[in-house]
Number of protein chains: 2
Amino acid sequence: MTPDPDLLSNVRSERVRAVRSLGRRAVRQRQGRFVVEGPQGVRELLRYAPGSARDVYLTPAAADRYAELVSLAGEAGVPVRACTDQVLAAMSDTPHPQGVLAVASPVDVPLGEALAAATDGAGFVVVLTNVRDPGNAGTVIRGADAFGASAVLVSDASVDVYNPKVVRSTVGSLFHLPLVLGVPVPDLLQACRVHGLRLLAADGGGGTMLPDADLTAPHAWVLGNEAWGLPEEVLDQCDDVVAVPIVRAESLNLAMAATVCLHASSAAR
Amino acid sequence: MTPDPDLLSNVRSERVRAVRSLGRRAVRQRQGRFVVEGPQGVRELLRYAPGSARDVYLTPAAADRYAELVSLAGEAGVPVRACTDQVLAAMSDTPHPQGVLAVASPVDVPLGEALAAATDGAGFVVVLTNVRDPGNAGTVIRGADAFGASAVLVSDASVDVYNPKVVRSTVGSLFHLPLVLGVPVPDLLQACRVHGLRLLAADGGGGTMLPDADLTAPHAWVLGNEAWGLPEEVLDQCDDVVAVPIVRAESLNLAMAATVCLHASSAAR
């Protein structure tokens with residue numbers, strides 16, 4: 001077989017190093033680029049945020065298997081580059097990127113724009129004030145998507161949502177709803193209030209049990225840190241502090257509690 | 001300072017190697033031992049399953065910080081051994097075991113015993129048929145604990161619950177409720193049926209939406225594999241196939257769907 005001259009095969013090339021370096025936050029911020037790994041994430045990027053897609057990298061096997069991605073990229077005018085398994089693995093944060101990876105520019109939007117959509121009817125938004133674990137952030141974004149939140153607002157003190165682990169764990173949900181990043185917590189809460197959203201803190205020590213919480217009016221779920229929850233000054237600014245009723249203490253983690261709360265908001269609509 | 005002669009400091013000792021080797025499933029099965037890492041997991045082991053605790057290892061700093069563990073171990077007659085940070089790290093599956101680790105013997109119980117408790121009133125159990133990811137298994141066990149399930153039944157095709165990653169992610173919930181391991185799926189389903197539990201498959205393609213499911217009678221939530229769900233032959237044996245209502249497809253993972261279902265069972269009691 002004649003080697004394909006267009007197949008990227010040099011794992012030490014400048015391009016491979018450049019993509020790989022997007023695993024580091026400082027590089028992502030400087031370059032204004034991040035990496036999306038796996039077929040589902042790349043498909044949702046190309047479908048929901050085609051203007052942010054910059055390059056798609058596929059192994060020949062993945063190009064056969066996920067032909068839809070090649071045509072979606074074509075429609076969006078995004079270059080598709082064939083590369084070896086080794087090149088893809090060298091670009092990726094994970095040893096098994098399933099043969100597909102894209103480079104994208106940021107998809108987040110200004111706070112006012114995200115909240116304008118949220119006050120439409122009985123909408124609700126999710127505010128991540130201090131979530132540090134990439135998997136938890138990804139799960140909450142997935143839940144926000146699944147249960148129809150209008151937007152996800154992420155404070156400057158939280159994990160970087162463009163971290164490859166977060167992007168991977170959202171499995172494309174990142175591209176389905178307006179996302180706001182890097183705003184200080186007080187500004188997020190103030191903006192929610194100005195837009196008429198009730199602020200509901202999700203906190204295991206809350207005095208209101210979830211079934212008794214008023215979820216019929218537009219509201220914002222305010223989520224704290226995995227280990228220490230929400231600080232007093234944030235709880236004080238919320239209209240209500242809501243707990244998921246559980247049988248035993250300390251048995252729900254942040255992502256589980258958030259999932260139950262977002263499901264309840266969805267059910268109340 | 002004179003070195004403490006009882007402080008375990010040799011990372012290459014037979015004991016350290018023996019504990020470390022419990023990271024492997026074959027060794028756990030042969031020895032009938034598993035490892036519990038971190039203060040919360042060890043505390044719950046000593047509180048809820050003291051008869052299974054074999055040894056507790058603590059760094060001097062952790063012994064100061066978690067004095068409760070030393071007294072709980074004393075009450076349970078479990079030897080406590082001081083060791084260096086290096087020894088603890090060498091024994092552990094994780095680089096940061098927080099200075100505490102225990103070796104325990106299995107806590108699972110026979111199927112009949114677990115189900116006898118489950119048919120008491122409006123109880124419910126959780127059946128893991130084919131869960132492979134340690135974090136998912138741990139989250140489901142945590143949710144079963146939080147929402148008051150009577151038991152967790154894990155099939156022989158699922159991840160080993162004594163895997164250190166699963167144990168760690170249950171954060172002690174493993175010791176709070178009866179656990180059955182290693183039984184083939186058909187036998188689990190048959191036993192649930194004999195004990196009068198309705199079998200509810202949790203499946204995104206289910207025809208019954210969660211709010212319409214009958215959760216008032218004793219029931220078993222049957223959970224499938226992360227990627228491919230439940231096979232036809234299992235769905236056929238269930239009394240109902242129940243979906244969590246979501247706004248967008250493919251946006252809930254197994255652990256999130258299970259959390260919402262178990263919360264609903266708890267709310268229905």
# chains A, B, ... in the order shown; residues from 1 in each chain; ligands from 1
$ interface_residues --of "chain A" --to "chain B" --cutoff "6 Å" --atoms "only C-alpha atoms" --output "short mmCIF file (atom, residue, chain, number, x, y, z; two decimals) with N, CA, C and O atoms, in the first residue's frame"
data_model
loop_
_atom_site.label_atom_id
_atom_site.label_comp_id
_atom_site.auth_asym_id
_atom_site.auth_seq_id
_atom_site.Cartn_x
_atom_site.Cartn_y
_atom_site.Cartn_z
N ARG A 142 -24.23 18.20 31.86
CA ARG A 142 -25.08 17.18 31.21
C ARG A 142 -26.49 17.20 31.78
O ARG A 142 -27.47 17.11 31.04
N ALA A 146 -29.97 17.81 29.96
CA ALA A 146 -31.00 16.77 29.98
C ALA A 146 -32.33 17.32 30.47
O ALA A 146 -33.38 16.97 29.95
N PHE A 147 -32.27 18.18 31.50
CA PHE A 147 -33.50 18.62 32.14
C PHE A 147 -33.94 20.00 31.67
O PHE A 147 -34.82 20.61 32.25
N GLY A 148 -33.31 20.50 30.60
CA GLY A 148 -33.83 21.69 29.95
C GLY A 148 -33.53 23.01 30.63
O GLY A 148 -34.30 23.97 30.50
N ILE A 246 -32.81 12.96 52.25
CA ILE A 246 -32.10 11.68 52.19
C ILE A 246 -32.26 10.96 53.51
O ILE A 246 -32.59 11.55 54.53
N VAL A 247 -32.03 9.66 53.46
CA VAL A 247 -32.19 8.81 54.64
C VAL A 247 -30.96 8.90 55.53
O VAL A 247 -31.05 8.90 56.74
N ARG A 248 -29.79 8.96 54.91
CA ARG A 248 -28.55 9.03 55.68
C ARG A 248 -27.73 10.26 55.26
O ARG A 248 -27.66 10.59 54.08
N SER A 251 -24.39 11.21 52.24
CA SER A 251 -24.39 10.14 51.26
C SER A 251 -24.67 10.60 49.83
O SER A 251 -24.61 9.80 48.92
N VAL A 260 -30.75 15.58 40.99
CA VAL A 260 -32.10 15.47 41.55
C VAL A 260 -32.81 16.83 41.52
O VAL A 260 -33.99 16.93 41.17
#
$ residues_around --residues "A:Arg198" --least-positions-apart "2" --cutoff "10 Å" --atoms "only C-alpha atoms" --output "VMD selection string"
chain A and resid 124 189 192 to 196 200 to 201 214 to 215 217 to 221 238 to 240
$ write_last_selection --atoms "all heavy atoms" --output "short mmCIF file (atom, residue, chain, number, x, y, z; two decimals), in the first residue's frame"
data_model
loop_
_atom_site.label_atom_id
_atom_site.label_comp_id
_atom_site.auth_asym_id
_atom_site.auth_seq_id
_atom_site.Cartn_x
_atom_site.Cartn_y
_atom_site.Cartn_z
N PHE A 124 -35.15 27.90 34.10
CA PHE A 124 -34.23 27.89 35.23
C PHE A 124 -32.81 27.78 34.70
O PHE A 124 -32.58 27.31 33.59
CB PHE A 124 -34.56 26.74 36.21
CG PHE A 124 -34.42 25.36 35.62
CD1 PHE A 124 -33.28 24.61 35.84
CD2 PHE A 124 -35.43 24.82 34.84
CE1 PHE A 124 -33.15 23.33 35.30
CE2 PHE A 124 -35.31 23.56 34.29
CZ PHE A 124 -34.16 22.81 34.52
N LEU A 189 -24.75 36.21 40.83
CA LEU A 189 -25.97 36.23 41.64
C LEU A 189 -26.75 37.52 41.40
O LEU A 189 -27.98 37.50 41.25
CB LEU A 189 -25.62 36.09 43.13
CG LEU A 189 -24.88 34.80 43.52
CD1 LEU A 189 -24.69 34.74 45.04
CD2 LEU A 189 -25.60 33.56 43.03
N CYS A 192 -28.54 37.36 38.06
CA CYS A 192 -29.72 36.48 38.13
C CYS A 192 -30.88 37.22 38.78
O CYS A 192 -32.03 37.16 38.31
CB CYS A 192 -29.41 35.21 38.93
SG CYS A 192 -28.35 34.05 38.06
N ARG A 193 -30.58 37.93 39.86
CA ARG A 193 -31.61 38.66 40.58
C ARG A 193 -32.23 39.75 39.69
O ARG A 193 -33.46 39.88 39.62
CB ARG A 193 -30.98 39.28 41.83
CG ARG A 193 -31.97 39.75 42.86
CD ARG A 193 -31.25 40.35 44.06
NE ARG A 193 -30.56 39.35 44.85
CZ ARG A 193 -31.19 38.49 45.65
NH1 ARG A 193 -32.50 38.50 45.74
NH2 ARG A 193 -30.51 37.61 46.34
N VAL A 194 -31.37 40.49 39.01
CA VAL A 194 -31.85 41.55 38.12
C VAL A 194 -32.78 40.97 37.03
O VAL A 194 -33.75 41.61 36.63
CB VAL A 194 -30.65 42.30 37.48
CG1 VAL A 194 -31.09 43.16 36.30
CG2 VAL A 194 -29.92 43.13 38.53
N HIS A 195 -32.46 39.76 36.60
CA HIS A 195 -33.29 39.13 35.56
C HIS A 195 -34.50 38.41 36.15
O HIS A 195 -35.16 37.63 35.45
CB HIS A 195 -32.46 38.17 34.71
CG HIS A 195 -31.68 38.88 33.65
ND1 HIS A 195 -30.50 39.54 33.91
CD2 HIS A 195 -31.94 39.08 32.33
CE1 HIS A 195 -30.05 40.08 32.79
NE2 HIS A 195 -30.91 39.83 31.82
N GLY A 196 -34.78 38.62 37.43
CA GLY A 196 -36.01 38.11 38.02
C GLY A 196 -35.98 36.64 38.40
O GLY A 196 -37.03 36.02 38.57
N LEU A 200 -31.97 29.80 44.39
CA LEU A 200 -32.15 28.63 45.25
C LEU A 200 -30.80 27.97 45.47
O LEU A 200 -30.20 27.43 44.53
CB LEU A 200 -33.10 27.62 44.59
CG LEU A 200 -34.50 28.12 44.23
CD1 LEU A 200 -35.30 27.01 43.57
CD2 LEU A 200 -35.22 28.63 45.48
N ALA A 201 -30.31 28.02 46.70
CA ALA A 201 -29.06 27.33 47.02
C ALA A 201 -29.38 25.85 47.23
O ALA A 201 -30.33 25.52 47.93
CB ALA A 201 -28.46 27.92 48.29
N ASP A 214 -40.40 26.10 45.90
CA ASP A 214 -41.20 26.67 44.82
C ASP A 214 -40.37 26.70 43.54
O ASP A 214 -39.45 27.50 43.39
CB ASP A 214 -41.65 28.09 45.19
CG ASP A 214 -42.43 28.74 44.05
OD1 ASP A 214 -42.75 28.04 43.07
OD2 ASP A 214 -42.71 29.95 44.15
N LEU A 215 -40.71 25.80 42.62
CA LEU A 215 -39.95 25.69 41.37
C LEU A 215 -40.77 26.15 40.17
O LEU A 215 -40.39 25.93 39.02
CB LEU A 215 -39.50 24.24 41.15
CG LEU A 215 -38.68 23.62 42.29
CD1 LEU A 215 -38.37 22.16 42.01
CD2 LEU A 215 -37.38 24.39 42.51
N ALA A 217 -41.75 29.42 39.48
CA ALA A 217 -41.27 30.68 38.92
C ALA A 217 -39.84 30.50 38.39
O ALA A 217 -39.15 29.55 38.78
CB ALA A 217 -41.29 31.75 40.01
N PRO A 218 -39.40 31.39 37.49
CA PRO A 218 -38.00 31.28 37.00
C PRO A 218 -37.02 31.30 38.17
O PRO A 218 -37.18 32.08 39.10
CB PRO A 218 -37.85 32.54 36.14
CG PRO A 218 -39.25 32.87 35.70
CD PRO A 218 -40.14 32.48 36.85
N HIS A 219 -36.03 30.43 38.11
CA HIS A 219 -35.11 30.33 39.25
C HIS A 219 -33.72 29.91 38.81
O HIS A 219 -33.52 29.45 37.67
CB HIS A 219 -35.66 29.36 40.31
CG HIS A 219 -35.95 27.98 39.80
ND1 HIS A 219 -37.11 27.67 39.12
CD2 HIS A 219 -35.24 26.82 39.85
CE1 HIS A 219 -37.10 26.38 38.79
NE2 HIS A 219 -35.97 25.85 39.21
N ALA A 220 -32.79 30.10 39.73
CA ALA A 220 -31.40 29.70 39.50
C ALA A 220 -30.99 28.74 40.61
O ALA A 220 -31.15 29.06 41.80
CB ALA A 220 -30.49 30.93 39.52
N TRP A 221 -30.46 27.58 40.24
CA TRP A 221 -29.89 26.65 41.23
C TRP A 221 -28.45 27.05 41.47
O TRP A 221 -27.63 27.04 40.54
CB TRP A 221 -29.95 25.21 40.72
CG TRP A 221 -31.28 24.56 40.90
CD1 TRP A 221 -32.17 24.23 39.92
CD2 TRP A 221 -31.89 24.19 42.15
NE1 TRP A 221 -33.29 23.66 40.48
CE2 TRP A 221 -33.16 23.63 41.84
CE3 TRP A 221 -31.50 24.27 43.49
CZ2 TRP A 221 -34.02 23.15 42.82
CZ3 TRP A 221 -32.36 23.79 44.46
CH2 TRP A 221 -33.60 23.23 44.14
N CYS A 238 -29.17 34.07 48.89
CA CYS A 238 -30.16 33.26 48.19
C CYS A 238 -31.55 33.43 48.80
O CYS A 238 -31.69 33.74 49.98
CB CYS A 238 -29.74 31.79 48.20
SG CYS A 238 -28.29 31.51 47.14
N ASP A 239 -32.57 33.24 48.00
CA ASP A 239 -33.94 33.38 48.48
C ASP A 239 -34.38 32.17 49.29
O ASP A 239 -35.24 32.27 50.15
CB ASP A 239 -34.89 33.55 47.28
CG ASP A 239 -34.59 34.82 46.51
OD1 ASP A 239 -34.75 35.90 47.11
OD2 ASP A 239 -34.15 34.73 45.35
N ASP A 240 -33.77 31.03 49.02
CA ASP A 240 -34.12 29.83 49.76
C ASP A 240 -32.93 28.88 49.72
O ASP A 240 -32.13 28.91 48.77
CB ASP A 240 -35.36 29.16 49.12
CG ASP A 240 -36.17 28.36 50.13
OD1 ASP A 240 -35.70 28.16 51.27
OD2 ASP A 240 -37.29 27.93 49.77
#
$ residues_around --residues "B:Ala157" --least-positions-apart "2" --cutoff "12 Å" --atoms "only C-alpha atoms" --output "list in words"
Val127, Leu128, Thr129, Asn130, Val131, Arg132, Asp133, Leu153, Val154, Ser155, Val159, Asp160, Val161, Leu181, Gly182, Val183, Pro184, Val185, Pro186, Leu188, Gly224 and Asn225 of chain B
$ select_by_dssp --residues "stretch 120-187 of chain B" --states "strand (DSSP E)" --output "compact mmCIF listing (two decimals) with N, CA and C atoms, in the first residue's frame"
# COMPACT_ATOMS: atom_id res chain seq x y z
N PHE B 124 -37.49 -1.01 48.55
CA PHE B 124 -37.03 -1.23 47.18
C PHE B 124 -35.56 -1.61 47.21
N VAL B 125 -35.14 -2.33 46.20
CA VAL B 125 -33.74 -2.72 46.09
C VAL B 125 -33.20 -2.25 44.74
N VAL B 126 -31.89 -2.32 44.61
CA VAL B 126 -31.23 -1.94 43.37
C VAL B 126 -30.49 -3.15 42.83
N VAL B 127 -30.68 -3.43 41.56
CA VAL B 127 -30.00 -4.55 40.91
C VAL B 127 -29.05 -4.01 39.85
N LEU B 128 -27.76 -4.21 40.05
CA LEU B 128 -26.77 -3.82 39.04
C LEU B 128 -26.46 -5.05 38.20
N ALA B 151 -31.43 -2.94 49.88
CA ALA B 151 -30.27 -3.76 49.53
C ALA B 151 -29.77 -3.39 48.14
N VAL B 152 -28.52 -3.73 47.87
CA VAL B 152 -27.96 -3.61 46.52
C VAL B 152 -27.51 -5.00 46.09
N LEU B 153 -28.02 -5.43 44.94
CA LEU B 153 -27.69 -6.75 44.40
C LEU B 153 -26.85 -6.57 43.14
N VAL B 154 -25.66 -7.14 43.13
CA VAL B 154 -24.72 -6.91 42.03
C VAL B 154 -24.47 -8.23 41.32
N SER B 155 -24.69 -8.24 40.02
CA SER B 155 -24.53 -9.50 39.27
C SER B 155 -23.06 -9.86 39.08
N LEU B 179 -25.53 -6.05 50.94
CA LEU B 179 -24.93 -6.09 49.61
C LEU B 179 -24.80 -7.55 49.22
N VAL B 180 -25.24 -7.84 47.99
CA VAL B 180 -25.13 -9.21 47.46
C VAL B 180 -24.23 -9.15 46.23
N LEU B 181 -23.30 -10.08 46.12
CA LEU B 181 -22.35 -10.02 45.00
C LEU B 181 -22.28 -11.35 44.25
N GLY B 182 -21.94 -11.22 42.95
CA GLY B 182 -21.52 -12.39 42.19
C GLY B 182 -22.61 -13.36 41.78
N VAL B 183 -23.86 -12.94 41.81
CA VAL B 183 -24.96 -13.83 41.43
C VAL B 183 -25.32 -13.55 39.96
$ select_by_dssp --residues "stretch 48-241 of chain B" --states "alpha helix (DSSP H)" --output "ChimeraX atom specification"
/B:48,60-65,67-76,85-91,111-118,134-146,164-170,185-194,232-237
$ closest_residue --among "A:Ala102, A:Leu174, A:Val242, A:Val166" --to "A:Ala202" --atoms "only C-alpha atoms"
A:Val242
$ atom_distance --atom1 "atom CA of B:Gly205" --atom2 "atom CA of B:Ala268"
22.6 Å
$ closest_residue --among "B:Leu223, B:Ala67, B:Cys83, B:Met91" --to "B:Pro164" --atoms "only C-alpha atoms"
B:Met91
$ residues_around --residues "B:Leu88" --least-positions-apart "3" --cutoff "8 Å" --atoms "only C-alpha atoms" --output "short mmCIF file (atom, residue, chain, number, x, y, z; two decimals) with N, CA, C and O atoms, in the first residue's frame"
data_model
loop_
_atom_site.label_atom_id
_atom_site.label_comp_id
_atom_site.auth_asym_id
_atom_site.auth_seq_id
_atom_site.Cartn_x
_atom_site.Cartn_y
_atom_site.Cartn_z
N TYR B 57 -4.49 1.09 59.33
CA TYR B 57 -3.19 1.73 59.20
C TYR B 57 -3.37 3.23 59.19
O TYR B 57 -4.22 3.76 58.45
N LEU B 58 -2.60 3.90 60.00
CA LEU B 58 -2.73 5.36 60.14
C LEU B 58 -1.35 5.98 60.20
O LEU B 58 -0.45 5.46 60.86
N THR B 59 -1.19 7.13 59.57
CA THR B 59 0.04 7.91 59.82
C THR B 59 -0.13 8.59 61.18
O THR B 59 -1.26 8.79 61.65
N CYS B 83 2.08 4.03 60.63
CA CYS B 83 3.01 3.86 59.52
C CYS B 83 3.35 5.23 58.93
O CYS B 83 2.66 6.21 59.16
N THR B 84 4.42 5.25 58.18
CA THR B 84 4.84 6.51 57.56
C THR B 84 3.94 6.83 56.36
O THR B 84 3.24 5.96 55.85
N ASP B 85 3.97 8.08 55.93
CA ASP B 85 3.24 8.49 54.72
C ASP B 85 3.63 7.61 53.54
O ASP B 85 2.79 7.24 52.72
N MET B 91 0.97 1.24 50.09
CA MET B 91 -0.11 0.25 50.27
C MET B 91 -1.33 0.58 49.41
O MET B 91 -2.14 -0.29 49.12
N SER B 92 -1.44 1.86 49.06
CA SER B 92 -2.71 2.37 48.56
C SER B 92 -2.79 2.39 47.05
O SER B 92 -1.79 2.46 46.34
N PRO B 97 -4.15 8.84 50.08
CA PRO B 97 -5.15 8.11 50.87
C PRO B 97 -5.52 8.83 52.16
O PRO B 97 -6.16 8.25 53.02
N GLY B 99 -3.94 9.50 54.73
CA GLY B 99 -3.33 9.01 55.96
C GLY B 99 -4.02 7.83 56.64
O GLY B 99 -3.60 7.43 57.72
N VAL B 100 -5.05 7.29 56.01
CA VAL B 100 -5.83 6.23 56.67
C VAL B 100 -6.18 5.14 55.67
O VAL B 100 -6.61 5.44 54.55
N LEU B 101 -6.07 3.90 56.13
CA LEU B 101 -6.40 2.77 55.27
C LEU B 101 -6.75 1.58 56.17
O LEU B 101 -6.17 1.43 57.25
#
$ residues_around --residues "A:Ala76" --least-positions-apart "5" --cutoff "8 Å" --atoms "only C-alpha atoms" --output "VMD selection string"
chain A and resid 46 50 to 51
$ atom_distance --atom1 "atom CA of B:Glu113" --atom2 "atom CA of B:Gly32"
20.3 Å
